[in-house]
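Enquirer: Provided herewith: start.pdb, PDB, C-alpha atoms.
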```pdb
MODEL        1
ATOM      1  CA  MET A   1       0.878 -53.478 -99.761
ATOM      2  CA  THR A   2       2.502 -52.822 -96.411
ATOM      3  CA  THR A   3       1.278 -50.067 -94.133
ATOM      4  CA  THR A   4       3.772 -48.452 -91.844
ATOM      5  CA  THR A   5       2.997 -46.556 -88.668
ATOM      6  CA  ASP A   6       5.048 -43.615 -87.500
ATOM      7  CA  ARG A   7       6.490 -44.570 -84.130
ATOM      8  CA  PRO A   8       9.105 -42.743 -82.195
ATOM      9  CA  ALA A   9      12.447 -44.336 -82.365
ATOM     10  CA  ALA A  10      13.871 -46.026 -79.322
ATOM     11  CA  GLY A  11      15.295 -43.536 -76.893
ATOM     12  CA  THR A  12      13.190 -40.653 -78.268
ATOM     13  CA  THR A  13      10.049 -39.074 -76.881
ATOM     14  CA  GLY A  14       6.869 -38.680 -78.868
ATOM     15  CA  PRO A  15       4.803 -35.489 -78.982
ATOM     16  CA  ASP A  16       2.148 -36.873 -76.608
ATOM     17  CA  GLU A  17       4.720 -37.884 -74.037
ATOM     18  CA  ARG A  18       6.445 -34.500 -74.286
ATOM     19  CA  THR A  19       3.100 -32.767 -73.698
ATOM     20  CA  ALA A  20       2.337 -35.008 -70.689
ATOM     21  CA  SER A  21       5.753 -34.361 -69.229
ATOM     22  CA  ARG A  22       5.197 -30.624 -69.522
ATOM     23  CA  GLN A  23       1.808 -30.971 -67.775
ATOM     24  CA  ARG A  24       3.177 -32.970 -64.797
ATOM     25  CA  PRO A  25       3.620 -30.760 -61.732
ATOM     26  CA  VAL A  26       7.164 -30.348 -60.599
ATOM     27  CA  ARG A  27       7.625 -31.417 -56.985
ATOM     28  CA  ASP A  28       9.136 -28.849 -54.735
ATOM     29  CA  THR A  29      12.020 -30.478 -52.960
ATOM     30  CA  GLN A  30      12.469 -27.553 -50.600
ATOM     31  CA  ALA A  31      10.995 -27.757 -47.111
ATOM     32  CA  PRO A  32       7.966 -25.505 -46.541
ATOM     33  CA  GLN A  33       8.803 -22.272 -44.858
ATOM     34  CA  LEU A  34       7.046 -21.831 -41.518
ATOM     35  CA  ASP A  35       5.983 -18.399 -40.416
ATOM     36  CA  PRO A  36       8.344 -17.147 -37.671
ATOM     37  CA  HIS A  37       5.455 -16.258 -35.368
ATOM     38  CA  GLU A  38       3.884 -19.705 -35.865
ATOM     39  CA  ARG A  39       7.226 -21.399 -35.206
ATOM     40  CA  GLU A  40       7.641 -19.409 -31.992
ATOM     41  CA  ARG A  41       4.132 -20.361 -30.886
ATOM     42  CA  LEU A  42       4.789 -24.060 -31.459
ATOM     43  CA  GLU A  43       8.088 -23.902 -29.636
ATOM     44  CA  HIS A  44       6.424 -22.192 -26.676
ATOM     45  CA  ALA A  45       3.902 -25.057 -26.464
ATOM     46  CA  PHE A  46       6.688 -27.462 -25.456
ATOM     47  CA  ARG A  47       8.384 -25.212 -22.962
ATOM     48  CA  VAL A  48       7.851 -25.841 -19.282
ATOM     49  CA  PRO A  49       6.390 -22.780 -17.563
ATOM     50  CA  ARG A  50       9.189 -22.506 -15.057
ATOM     51  CA  ALA A  51       7.617 -19.847 -12.835
ATOM     52  CA  ARG A  52       4.319 -21.687 -12.401
ATOM     53  CA  PHE A  53       6.076 -25.054 -12.128
ATOM     54  CA  LEU A  54       8.392 -23.854  -9.386
ATOM     55  CA  LEU A  55       5.476 -22.196  -7.587
ATOM     56  CA  GLY A  56       3.521 -25.449  -7.796
ATOM     57  CA  VAL A  57       6.452 -27.407  -6.375
ATOM     58  CA  VAL A  58       6.769 -24.981  -3.478
ATOM     59  CA  VAL A  59       3.035 -25.187  -2.730
ATOM     60  CA  ALA A  60       3.075 -29.002  -2.955
ATOM     61  CA  VAL A  61       6.034 -29.264  -0.577
ATOM     62  CA  ALA A  62       4.385 -26.846   1.853
ATOM     63  CA  VAL A  63       1.149 -28.851   1.834
ATOM     64  CA  LEU A  64       3.109 -32.086   2.344
ATOM     65  CA  ILE A  65       5.026 -30.668   5.319
ATOM     66  CA  TRP A  66       1.784 -29.306   6.780
ATOM     67  CA  SER A  67       0.186 -32.754   6.416
ATOM     68  CA  PHE A  68       3.173 -34.494   8.036
ATOM     69  CA  GLN A  69       2.955 -32.150  11.010
ATOM     70  CA  GLY A  70      -0.807 -32.403  11.353
ATOM     71  CA  ALA A  71      -0.714 -36.197  11.161
ATOM     72  CA  GLU A  72       2.182 -36.326  13.653
ATOM     73  CA  PHE A  73       4.268 -38.434  11.297
ATOM     74  CA  ASN A  74       7.644 -38.977  12.910
ATOM     75  CA  PHE A  75      10.506 -40.904  11.321
ATOM     76  CA  ALA A  76      12.270 -41.124  14.693
ATOM     77  CA  LYS A  77       9.327 -42.902  16.287
ATOM     78  CA  LEU A  78       9.150 -45.205  13.295
ATOM     79  CA  ALA A  79      12.790 -46.152  13.753
ATOM     80  CA  GLU A  80      12.255 -46.717  17.473
ATOM     81  CA  GLY A  81       9.195 -48.865  16.815
ATOM     82  CA  ALA A  82      10.984 -51.013  14.253
ATOM     83  CA  VAL A  83      12.273 -53.174  17.106
ATOM     84  CA  ASN A  84       8.743 -53.764  18.381
ATOM     85  CA  MET A  85       7.495 -54.555  14.875
ATOM     86  CA  THR A  86      10.285 -57.084  14.414
ATOM     87  CA  GLU A  87       9.393 -58.668  17.760
ATOM     88  CA  PHE A  88       5.712 -58.845  16.762
ATOM     89  CA  LEU A  89       6.517 -60.464  13.417
ATOM     90  CA  GLY A  90       8.741 -62.958  15.206
ATOM     91  CA  ARG A  91       5.806 -64.073  17.358
ATOM     92  CA  LEU A  92       3.783 -64.953  14.257
ATOM     93  CA  PHE A  93       6.084 -67.797  13.326
ATOM     94  CA  PRO A  94       5.730 -70.674  13.078
ATOM     95  CA  PRO A  95       2.123 -70.558  11.814
ATOM     96  CA  ASP A  96      -0.383 -72.895  13.416
ATOM     97  CA  PHE A  97      -2.581 -74.717  10.896
ATOM     98  CA  SER A  98      -4.279 -76.953  13.456
ATOM     99  CA  ASP A  99      -7.621 -75.211  12.726
ATOM    100  CA  PHE A 100      -7.101 -75.241   8.975
ATOM    101  CA  GLY A 101     -10.603 -76.597   8.361
ATOM    102  CA  THR A 102     -12.170 -73.682  10.219
ATOM    103  CA  ILE A 103     -10.033 -71.200   8.312
ATOM    104  CA  VAL A 104     -11.005 -72.714   4.958
ATOM    105  CA  ALA A 105     -14.705 -72.703   5.859
ATOM    106  CA  LEU A 106     -14.563 -69.042   6.871
ATOM    107  CA  LEU A 107     -12.593 -68.135   3.733
ATOM    108  CA  ILE A 108     -15.263 -69.828   1.619
ATOM    109  CA  GLU A 109     -17.906 -67.807   3.450
ATOM    110  CA  THR A 110     -15.883 -64.645   2.814
ATOM    111  CA  LEU A 111     -15.603 -65.519  -0.875
ATOM    112  CA  GLN A 112     -19.339 -66.170  -1.096
ATOM    113  CA  MET A 113     -20.062 -62.843   0.547
ATOM    114  CA  ALA A 114     -17.790 -61.085  -1.952
ATOM    115  CA  ILE A 115     -19.428 -62.811  -4.935
ATOM    116  CA  VAL A 116     -22.983 -61.945  -3.888
ATOM    117  CA  GLY A 117     -22.033 -58.433  -2.821
ATOM    118  CA  THR A 118     -20.191 -57.805  -6.093
ATOM    119  CA  VAL A 119     -23.067 -59.028  -8.277
ATOM    120  CA  LEU A 120     -25.688 -57.016  -6.406
ATOM    121  CA  GLY A 121     -23.431 -53.977  -6.141
ATOM    122  CA  ALA A 122     -22.453 -54.056  -9.822
ATOM    123  CA  VAL A 123     -26.059 -54.409 -11.029
ATOM    124  CA  LEU A 124     -27.344 -51.602  -8.809
ATOM    125  CA  SER A 125     -24.320 -49.447  -9.653
ATOM    126  CA  LEU A 126     -25.028 -49.913 -13.359
ATOM    127  CA  PHE A 127     -28.549 -48.547 -12.947
ATOM    128  CA  VAL A 128     -27.296 -45.665 -10.839
ATOM    129  CA  ALA A 129     -24.582 -44.990 -13.445
ATOM    130  CA  PHE A 130     -27.241 -44.496 -16.121
ATOM    131  CA  ALA A 131     -28.668 -41.704 -13.989
ATOM    132  CA  ALA A 132     -25.219 -40.270 -13.156
ATOM    133  CA  ALA A 133     -23.812 -40.139 -16.713
ATOM    134  CA  SER A 134     -24.052 -36.656 -18.204
ATOM    135  CA  ASN A 135     -24.384 -37.963 -21.771
ATOM    136  CA  ILE A 136     -27.420 -40.099 -20.852
ATOM    137  CA  ALA A 137     -29.424 -38.535 -18.036
ATOM    138  CA  PRO A 138     -30.975 -35.065 -17.943
ATOM    139  CA  LYS A 139     -29.639 -32.587 -15.434
ATOM    140  CA  TRP A 140     -32.565 -32.961 -13.039
ATOM    141  CA  VAL A 141     -31.637 -36.647 -12.702
ATOM    142  CA  TYR A 142     -27.872 -36.293 -13.081
ATOM    143  CA  TYR A 143     -27.209 -34.019 -10.097
ATOM    144  CA  PRO A 144     -29.329 -35.924  -7.521
ATOM    145  CA  ALA A 145     -27.675 -39.187  -8.602
ATOM    146  CA  ARG A 146     -24.215 -37.675  -8.187
ATOM    147  CA  TRP A 147     -25.109 -36.241  -4.770
ATOM    148  CA  LEU A 148     -26.471 -39.614  -3.663
ATOM    149  CA  MET A 149     -23.233 -41.358  -4.647
ATOM    150  CA  ASN A 150     -21.182 -38.688  -2.876
ATOM    151  CA  ILE A 151     -23.155 -39.230   0.322
ATOM    152  CA  ILE A 152     -22.774 -43.010   0.165
ATOM    153  CA  ARG A 153     -19.075 -42.764  -0.668
ATOM    154  CA  SER A 154     -18.416 -40.506   2.299
ATOM    155  CA  VAL A 155     -19.713 -43.092   4.804
ATOM    156  CA  PRO A 156     -17.253 -45.919   5.676
ATOM    157  CA  ASP A 157     -18.338 -49.489   4.997
ATOM    158  CA  LEU A 158     -17.906 -50.332   8.685
ATOM    159  CA  VAL A 159     -20.662 -47.849   9.532
ATOM    160  CA  PHE A 160     -22.961 -49.540   7.027
ATOM    161  CA  ALA A 161     -21.997 -52.917   8.500
ATOM    162  CA  LEU A 162     -22.859 -51.748  12.020
ATOM    163  CA  MET A 163     -26.164 -50.389  10.765
ATOM    164  CA  PHE A 164     -27.127 -53.644   9.052
ATOM    165  CA  VAL A 165     -25.890 -55.757  11.975
ATOM    166  CA  SER A 166     -28.284 -53.865  14.220
ATOM    167  CA  ALA A 167     -31.033 -54.301  11.607
ATOM    168  CA  VAL A 168     -30.695 -57.962  10.546
ATOM    169  CA  GLY A 169     -28.379 -59.337  13.226
ATOM    170  CA  LEU A 170     -24.893 -60.834  13.148
ATOM    171  CA  GLY A 171     -23.773 -62.877  10.171
ATOM    172  CA  PRO A 172     -22.756 -62.645   6.524
ATOM    173  CA  PHE A 173     -26.106 -61.200   5.406
ATOM    174  CA  ALA A 174     -25.280 -57.898   7.099
ATOM    175  CA  GLY A 175     -21.864 -57.884   5.430
ATOM    176  CA  ILE A 176     -23.385 -58.490   1.998
ATOM    177  CA  LEU A 177     -25.798 -55.578   2.456
ATOM    178  CA  ALA A 178     -22.951 -53.331   3.598
ATOM    179  CA  MET A 179     -20.795 -54.247   0.579
ATOM    180  CA  THR A 180     -23.722 -53.745  -1.804
ATOM    181  CA  LEU A 181     -24.551 -50.306  -0.464
ATOM    182  CA  GLY A 182     -20.898 -49.282  -0.325
ATOM    183  CA  SER A 183     -20.435 -50.281  -3.962
ATOM    184  CA  LEU A 184     -23.001 -47.731  -5.126
ATOM    185  CA  GLY A 185     -20.832 -44.837  -4.075
ATOM    186  CA  SER A 186     -17.516 -46.073  -5.440
ATOM    187  CA  ILE A 187     -18.094 -48.285  -8.451
ATOM    188  CA  GLY A 188     -21.241 -46.410  -9.530
ATOM    189  CA  LYS A 189     -19.190 -43.259 -10.066
ATOM    190  CA  ILE A 190     -16.586 -45.189 -12.061
ATOM    191  CA  PHE A 191     -19.279 -46.813 -14.206
ATOM    192  CA  ALA A 192     -20.776 -43.393 -14.963
ATOM    193  CA  GLU A 193     -17.396 -41.946 -15.941
ATOM    194  CA  ALA A 194     -16.735 -44.952 -18.199
ATOM    195  CA  MET A 195     -20.004 -44.264 -20.017
ATOM    196  CA  GLU A 196     -19.195 -40.575 -20.329
ATOM    197  CA  SER A 197     -15.834 -41.343 -21.962
ATOM    198  CA  VAL A 198     -17.251 -43.251 -24.958
ATOM    199  CA  ASP A 199     -16.916 -41.948 -28.502
ATOM    200  CA  ARG A 200     -19.881 -39.757 -29.404
ATOM    201  CA  GLY A 201     -19.652 -40.551 -33.107
ATOM    202  CA  PRO A 202     -21.905 -43.629 -33.041
ATOM    203  CA  MET A 203     -24.336 -41.861 -30.718
ATOM    204  CA  VAL A 204     -24.647 -38.871 -33.048
ATOM    205  CA  ALA A 205     -25.177 -41.178 -36.029
ATOM    206  CA  MET A 206     -27.915 -43.086 -34.216
ATOM    207  CA  GLU A 207     -29.610 -39.855 -33.140
ATOM    208  CA  ALA A 208     -29.531 -38.682 -36.755
ATOM    209  CA  VAL A 209     -31.495 -41.732 -37.929
ATOM    210  CA  GLY A 210     -34.052 -41.372 -35.136
ATOM    211  CA  ALA A 211     -32.862 -43.980 -32.634
ATOM    212  CA  SER A 212     -34.477 -43.958 -29.215
ATOM    213  CA  LYS A 213     -32.613 -43.378 -25.967
ATOM    214  CA  ARG A 214     -32.786 -47.085 -25.150
ATOM    215  CA  GLN A 215     -31.291 -48.007 -28.529
ATOM    216  CA  ILE A 216     -28.508 -45.446 -28.119
ATOM    217  CA  ILE A 217     -27.621 -46.903 -24.713
ATOM    218  CA  GLN A 218     -27.916 -50.510 -25.885
ATOM    219  CA  TYR A 219     -26.032 -50.203 -29.178
ATOM    220  CA  GLY A 220     -23.933 -47.049 -28.794
ATOM    221  CA  ILE A 221     -22.817 -46.745 -25.163
ATOM    222  CA  LEU A 222     -22.775 -50.206 -23.594
ATOM    223  CA  PRO A 223     -20.720 -51.934 -26.337
ATOM    224  CA  GLN A 224     -17.998 -49.266 -26.077
ATOM    225  CA  SER A 225     -17.888 -49.172 -22.287
ATOM    226  CA  ALA A 226     -18.316 -52.924 -21.707
ATOM    227  CA  PRO A 227     -14.560 -53.735 -21.366
ATOM    228  CA  LEU A 228     -14.144 -51.000 -18.761
ATOM    229  CA  LEU A 229     -17.285 -52.053 -16.918
ATOM    230  CA  VAL A 230     -16.098 -55.653 -16.694
ATOM    231  CA  SER A 231     -12.630 -54.586 -15.595
ATOM    232  CA  TYR A 232     -14.037 -52.328 -12.866
ATOM    233  CA  THR A 233     -16.378 -55.104 -11.722
ATOM    234  CA  LEU A 234     -13.411 -57.428 -11.276
ATOM    235  CA  LEU A 235     -11.652 -54.701  -9.334
ATOM    236  CA  LEU A 236     -14.758 -54.360  -7.157
ATOM    237  CA  PHE A 237     -14.700 -58.108  -6.525
ATOM    238  CA  GLU A 238     -11.076 -57.996  -5.404
ATOM    239  CA  GLY A 239     -11.866 -55.108  -3.081
ATOM    240  CA  ASN A 240     -14.892 -56.884  -1.650
ATOM    241  CA  VAL A 241     -12.816 -59.959  -0.817
ATOM    242  CA  ARG A 242     -10.429 -57.800   1.187
ATOM    243  CA  GLY A 243     -13.280 -55.714   2.584
ATOM    244  CA  ALA A 244     -15.163 -58.788   3.794
ATOM    245  CA  THR A 245     -12.272 -59.596   6.113
ATOM    246  CA  ILE A 246     -12.657 -56.136   7.662
ATOM    247  CA  LEU A 247     -16.437 -56.297   7.970
ATOM    248  CA  GLY A 248     -16.053 -59.405  10.095
ATOM    249  CA  LEU A 249     -14.504 -57.231  12.788
ATOM    250  CA  VAL A 250     -17.981 -55.913  13.650
ATOM    251  CA  GLY A 251     -19.691 -59.284  13.339
ATOM    252  CA  ALA A 252     -20.752 -59.001   9.691
ATOM    253  CA  GLY A 253     -19.591 -62.514   8.794
ATOM    254  CA  GLY A 254     -16.496 -63.765   7.041
ATOM    255  CA  ILE A 255     -13.095 -64.517   8.446
ATOM    256  CA  GLY A 256     -12.663 -61.104  10.037
ATOM    257  CA  LEU A 257     -14.247 -62.187  13.321
ATOM    258  CA  GLU A 258     -11.877 -65.140  13.595
ATOM    259  CA  LEU A 259      -8.979 -62.818  12.810
ATOM    260  CA  THR A 260     -10.034 -60.411  15.565
ATOM    261  CA  THR A 261     -10.490 -63.237  18.051
ATOM    262  CA  ALA A 262      -7.001 -64.561  17.340
ATOM    263  CA  MET A 263      -5.516 -61.096  17.907
ATOM    264  CA  ARG A 264      -7.389 -60.572  21.178
ATOM    265  CA  MET A 265      -6.402 -64.027  22.470
ATOM    266  CA  TYR A 266      -2.756 -63.451  21.459
ATOM    267  CA  ASP A 267      -2.911 -66.651  19.414
ATOM    268  CA  TYR A 268      -0.165 -65.525  17.043
ATOM    269  CA  GLY A 269       0.329 -68.881  15.330
ATOM    270  CA  HIS A 270      -3.341 -69.089  14.406
ATOM    271  CA  LEU A 271      -3.275 -65.428  13.363
ATOM    272  CA  CYS A 272      -0.346 -66.073  11.038
ATOM    273  CA  ALA A 273      -2.131 -69.049   9.470
ATOM    274  CA  ILE A 274      -5.213 -66.895   8.795
ATOM    275  CA  VAL A 275      -3.113 -64.134   7.220
ATOM    276  CA  ILE A 276      -1.284 -66.633   4.990
ATOM    277  CA  CYS A 277      -4.560 -68.139   3.795
ATOM    278  CA  ILE A 278      -5.988 -64.675   3.061
ATOM    279  CA  ILE A 279      -2.866 -63.793   1.063
ATOM    280  CA  VAL A 280      -3.183 -67.001  -0.974
ATOM    281  CA  LEU A 281      -6.863 -66.338  -1.686
ATOM    282  CA  VAL A 282      -6.336 -62.705  -2.690
ATOM    283  CA  THR A 283      -3.366 -63.636  -4.903
ATOM    284  CA  ALA A 284      -5.376 -66.330  -6.682
ATOM    285  CA  ILE A 285      -8.243 -63.913  -7.286
ATOM    286  CA  ASP A 286      -5.839 -61.252  -8.539
ATOM    287  CA  GLN A 287      -4.278 -63.653 -11.039
ATOM    288  CA  GLY A 288      -7.683 -64.793 -12.253
ATOM    289  CA  SER A 289      -8.872 -61.214 -12.655
ATOM    290  CA  ALA A 290      -5.731 -60.288 -14.570
ATOM    291  CA  PHE A 291      -6.317 -63.227 -16.946
ATOM    292  CA  ILE A 292      -9.898 -62.151 -17.586
ATOM    293  CA  ARG A 293      -8.810 -58.554 -18.201
ATOM    294  CA  ARG A 294      -6.283 -59.685 -20.786
ATOM    295  CA  ARG A 295      -8.985 -61.653 -22.568
ATOM    296  CA  ILE A 296     -11.446 -58.774 -22.792
ATOM    297  CA  THR A 297      -9.031 -55.952 -23.673
TER     298      THR A 297
ENDMDL
END
```
Go through the file and emit its structure as structure tokens.

Expert:
Amino acid sequence: MTTTTDRPAAGTTGPDERTASRQRPVRDTQAPQLDPHERERLEHAFRVPRARFLLGVVVAVAVLIWSFQGAEFNFAKLAEGAVNMTEFLGRLFPPDFSDFGTIVALLIETLQMAIVGTVLGAVLSLFVAFAAASNIAPKWVYYPARWLMNIIRSVPDLVFALMFVSAVGLGPFAGILAMTLGSLGSIGKIFAEAMESVDRGPMVAMEAVGASKRQIIQYGILPQSAPLLVSYTLLLFEGNVRGATILGLVGAGGIGLELTTAMRMYDYGHLCAIVICIIVLVTAIDQGSAFIRRRIT
């Protein structure tokens, strides 16, 4: 005995399929209609406020002209002095590398000063940044830390160098102390802002499960801000290499003293050799820092 099952013929639709097709929502192919007031509001968001923009341009130009006049910036004098600058540059060539060994030794001392000053400055700046970050420190710690960094940042590094030269004597030690103290005002502020810019999601989640402040900093803030902290530390190192050449002008070690001596003695060939060596050193450090930044970002 053969049992047959009722199946819909090919090309026909069964009752279940017809019911399912009636239950499927029909997609509206028409674009949603936006409220006219909402459309006008969105269009206004992309319009340039012409009145305020033009007023800002006028104010900016006025401030720029006022600054040019106050600073006695004169394009005519610059054009007249171009001849003297060309004559000065002509005296620098050819460079004299007869004291190349002395230049290299002083550049190594400058590099060593920058390394020690960067490490000490970055470590101290990190601790100060914990106190100057609004998402970490309470207000009674936050404001004094910010004021301290503002005070340090307002004093030039040469003043710190003169102070430490009078305290510990001539030499690179005074320059290292000046770079370390100067770093607190500049890089400490940047470290604090890097910590303030982290995503608060992980911090809120850790606070919800009862994590301590140390755990929030260790596992929520530092891992997010670490690439920026390393990048800013490399930038500090580059700045300290260039700054060490300036600190030598007041006897704080490095190649700056040799550079000043060459200028005072009108030894232009030796001066040109020093400048070339500084350019090579700074370029090499810049390329190395750029490589490290690409690896960590």

Enquirer: Dump as a tab-separated table the rows for residues of stretch 209-281 of chain A within 7 Å of stretch 168-175 of chain A: closest atom pair and distance in Å with one decimal, all atoms listed in the file counted, ordered by chain and rising residue number.

Expert:
```
residue	atom	partner	partner_atom	distance
A:Ala244	CA	A:Gly175	CA	7.0
A:Leu247	CA	A:Gly175	CA	6.2
A:Gly251	CA	A:Leu170	CA	5.4
A:Ala252	CA	A:Gly175	CA	4.5
A:Gly253	CA	A:Pro172	CA	3.9
A:Gly254	CA	A:Pro172	CA	6.4
```

Enquirer: Provide the atom CA of A:Val275 to atom CA of A:Phe237 distance in Å, to one decimal place.

Expert: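 Pair atom CA of A:Val275 / atom CA of A:Phe237 returns 19.0 Å.
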
Enquirer: Tell me, in Å to one decimal, how far atom CA of A:Val250 is from atom CA of A:Val159.

Expert: 9.4 Å

Enquirer: To test your reading of the syntax: which residues would the PyMOL selection byres ((chain A and resi 203) around 10) return for the file shown? Reply as a list in words.

Expert: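 Expected selection for the PyMOL selection byres ((chain A and resi 203) around 10) here is Asn135, Val198, Asp199, Arg200, Gly201, Pro202, Val204, Ala205, Met206, Glu207, Ala208, Ala211, Lys213, Gln215, Ile216, Ile217, Tyr219, Gly220 and Ile221 of chain A.
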
Enquirer: Care to translate the PyMOL selection byres ((chain A and resi 181-187) around 9) into actual residues of this file, as an mmCIF file with C-alpha atoms, in the frame of the given file?

Expert:
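Okay, this is what ended up in expr-v6.cif:
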```cif
data_model
loop_
_atom_site.group_PDB
_atom_site.id
_atom_site.type_symbol
_atom_site.label_atom_id
_atom_site.label_comp_id
_atom_site.auth_asym_id
_atom_site.auth_seq_id
_atom_site.Cartn_x
_atom_site.Cartn_y
_atom_site.Cartn_z
ATOM 1 C CA GLY A 117 -22.033 -58.433 -2.821
ATOM 2 C CA THR A 118 -20.191 -57.805 -6.093
ATOM 3 C CA LEU A 120 -25.688 -57.016 -6.406
ATOM 4 C CA GLY A 121 -23.431 -53.977 -6.141
ATOM 5 C CA ALA A 122 -22.453 -54.056 -9.822
ATOM 6 C CA LEU A 124 -27.344 -51.602 -8.809
ATOM 7 C CA SER A 125 -24.320 -49.447 -9.653
ATOM 8 C CA LEU A 126 -25.028 -49.913 -13.359
ATOM 9 C CA VAL A 128 -27.296 -45.665 -10.839
ATOM 10 C CA ALA A 129 -24.582 -44.990 -13.445
ATOM 11 C CA ARG A 146 -24.215 -37.675 -8.187
ATOM 12 C CA LEU A 148 -26.471 -39.614 -3.663
ATOM 13 C CA MET A 149 -23.233 -41.358 -4.647
ATOM 14 C CA ASN A 150 -21.182 -38.688 -2.876
ATOM 15 C CA ILE A 151 -23.155 -39.230 0.322
ATOM 16 C CA ILE A 152 -22.774 -43.010 0.165
ATOM 17 C CA ARG A 153 -19.075 -42.764 -0.668
ATOM 18 C CA SER A 154 -18.416 -40.506 2.299
ATOM 19 C CA VAL A 155 -19.713 -43.092 4.804
ATOM 20 C CA PRO A 156 -17.253 -45.919 5.676
ATOM 21 C CA ASP A 157 -18.338 -49.489 4.997
ATOM 22 C CA PHE A 160 -22.961 -49.540 7.027
ATOM 23 C CA ILE A 176 -23.385 -58.490 1.998
ATOM 24 C CA LEU A 177 -25.798 -55.578 2.456
ATOM 25 C CA ALA A 178 -22.951 -53.331 3.598
ATOM 26 C CA MET A 179 -20.795 -54.247 0.579
ATOM 27 C CA THR A 180 -23.722 -53.745 -1.804
ATOM 28 C CA GLY A 188 -21.241 -46.410 -9.530
ATOM 29 C CA LYS A 189 -19.190 -43.259 -10.066
ATOM 30 C CA ILE A 190 -16.586 -45.189 -12.061
ATOM 31 C CA PHE A 191 -19.279 -46.813 -14.206
ATOM 32 C CA ALA A 192 -20.776 -43.393 -14.963
ATOM 33 C CA TYR A 232 -14.037 -52.328 -12.866
ATOM 34 C CA THR A 233 -16.378 -55.104 -11.722
ATOM 35 C CA LEU A 236 -14.758 -54.360 -7.157
ATOM 36 C CA ASN A 240 -14.892 -56.884 -1.650
#
```

Enquirer: Skip stretch 89-91 of chain A itself and residues of its chain fewer than 4 positions away, then list as a list in words all residues within 9 Å of it, counting only C-alpha atoms.

Expert: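 Final neighbour list, sorted by chain and number: Asn84, Met85, Tyr268 and Gly269 of chain A.
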
Enquirer: Rebuild all heavy atoms on stretch 60-64 of chain A, as an mmCIF file, in the frame of the given file?

Expert:
```
data_model
loop_
_atom_site.group_PDB
_atom_site.id
_atom_site.type_symbol
_atom_site.label_atom_id
_atom_site.label_comp_id
_atom_site.auth_asym_id
_atom_site.auth_seq_id
_atom_site.Cartn_x
_atom_site.Cartn_y
_atom_site.Cartn_z
ATOM 1 N N ALA A 60 3.231 -27.578 -3.248
ATOM 2 C CA ALA A 60 3.075 -29.002 -2.955
ATOM 3 C C ALA A 60 3.931 -29.422 -1.761
ATOM 4 O O ALA A 60 3.478 -30.175 -0.891
ATOM 5 C CB ALA A 60 3.437 -29.826 -4.184
ATOM 6 N N VAL A 61 5.151 -28.929 -1.706
ATOM 7 C CA VAL A 61 6.034 -29.264 -0.577
ATOM 8 C C VAL A 61 5.479 -28.680 0.720
ATOM 9 O O VAL A 61 5.499 -29.340 1.775
ATOM 10 C CB VAL A 61 7.459 -28.748 -0.853
ATOM 11 C CG1 VAL A 61 8.333 -28.888 0.381
ATOM 12 C CG2 VAL A 61 8.083 -29.510 -2.018
ATOM 13 N N ALA A 62 4.954 -27.463 0.661
ATOM 14 C CA ALA A 62 4.385 -26.846 1.853
ATOM 15 C C ALA A 62 3.174 -27.628 2.355
ATOM 16 O O ALA A 62 3.020 -27.860 3.560
ATOM 17 C CB ALA A 62 3.996 -25.398 1.554
ATOM 18 N N VAL A 63 2.323 -28.060 1.439
ATOM 19 C CA VAL A 63 1.149 -28.851 1.834
ATOM 20 C C VAL A 63 1.586 -30.193 2.422
ATOM 21 O O VAL A 63 1.010 -30.686 3.403
ATOM 22 C CB VAL A 63 0.216 -29.052 0.628
ATOM 23 C CG1 VAL A 63 -0.888 -30.061 0.952
ATOM 24 C CG2 VAL A 63 -0.391 -27.730 0.199
ATOM 25 N N LEU A 64 2.627 -30.804 1.841
ATOM 26 C CA LEU A 64 3.109 -32.086 2.344
ATOM 27 C C LEU A 64 3.678 -31.940 3.761
ATOM 28 O O LEU A 64 3.385 -32.765 4.648
ATOM 29 C CB LEU A 64 4.172 -32.636 1.398
ATOM 30 C CG LEU A 64 4.723 -34.027 1.712
ATOM 31 C CD1 LEU A 64 3.610 -35.064 1.682
ATOM 32 C CD2 LEU A 64 5.825 -34.406 0.726
#
```
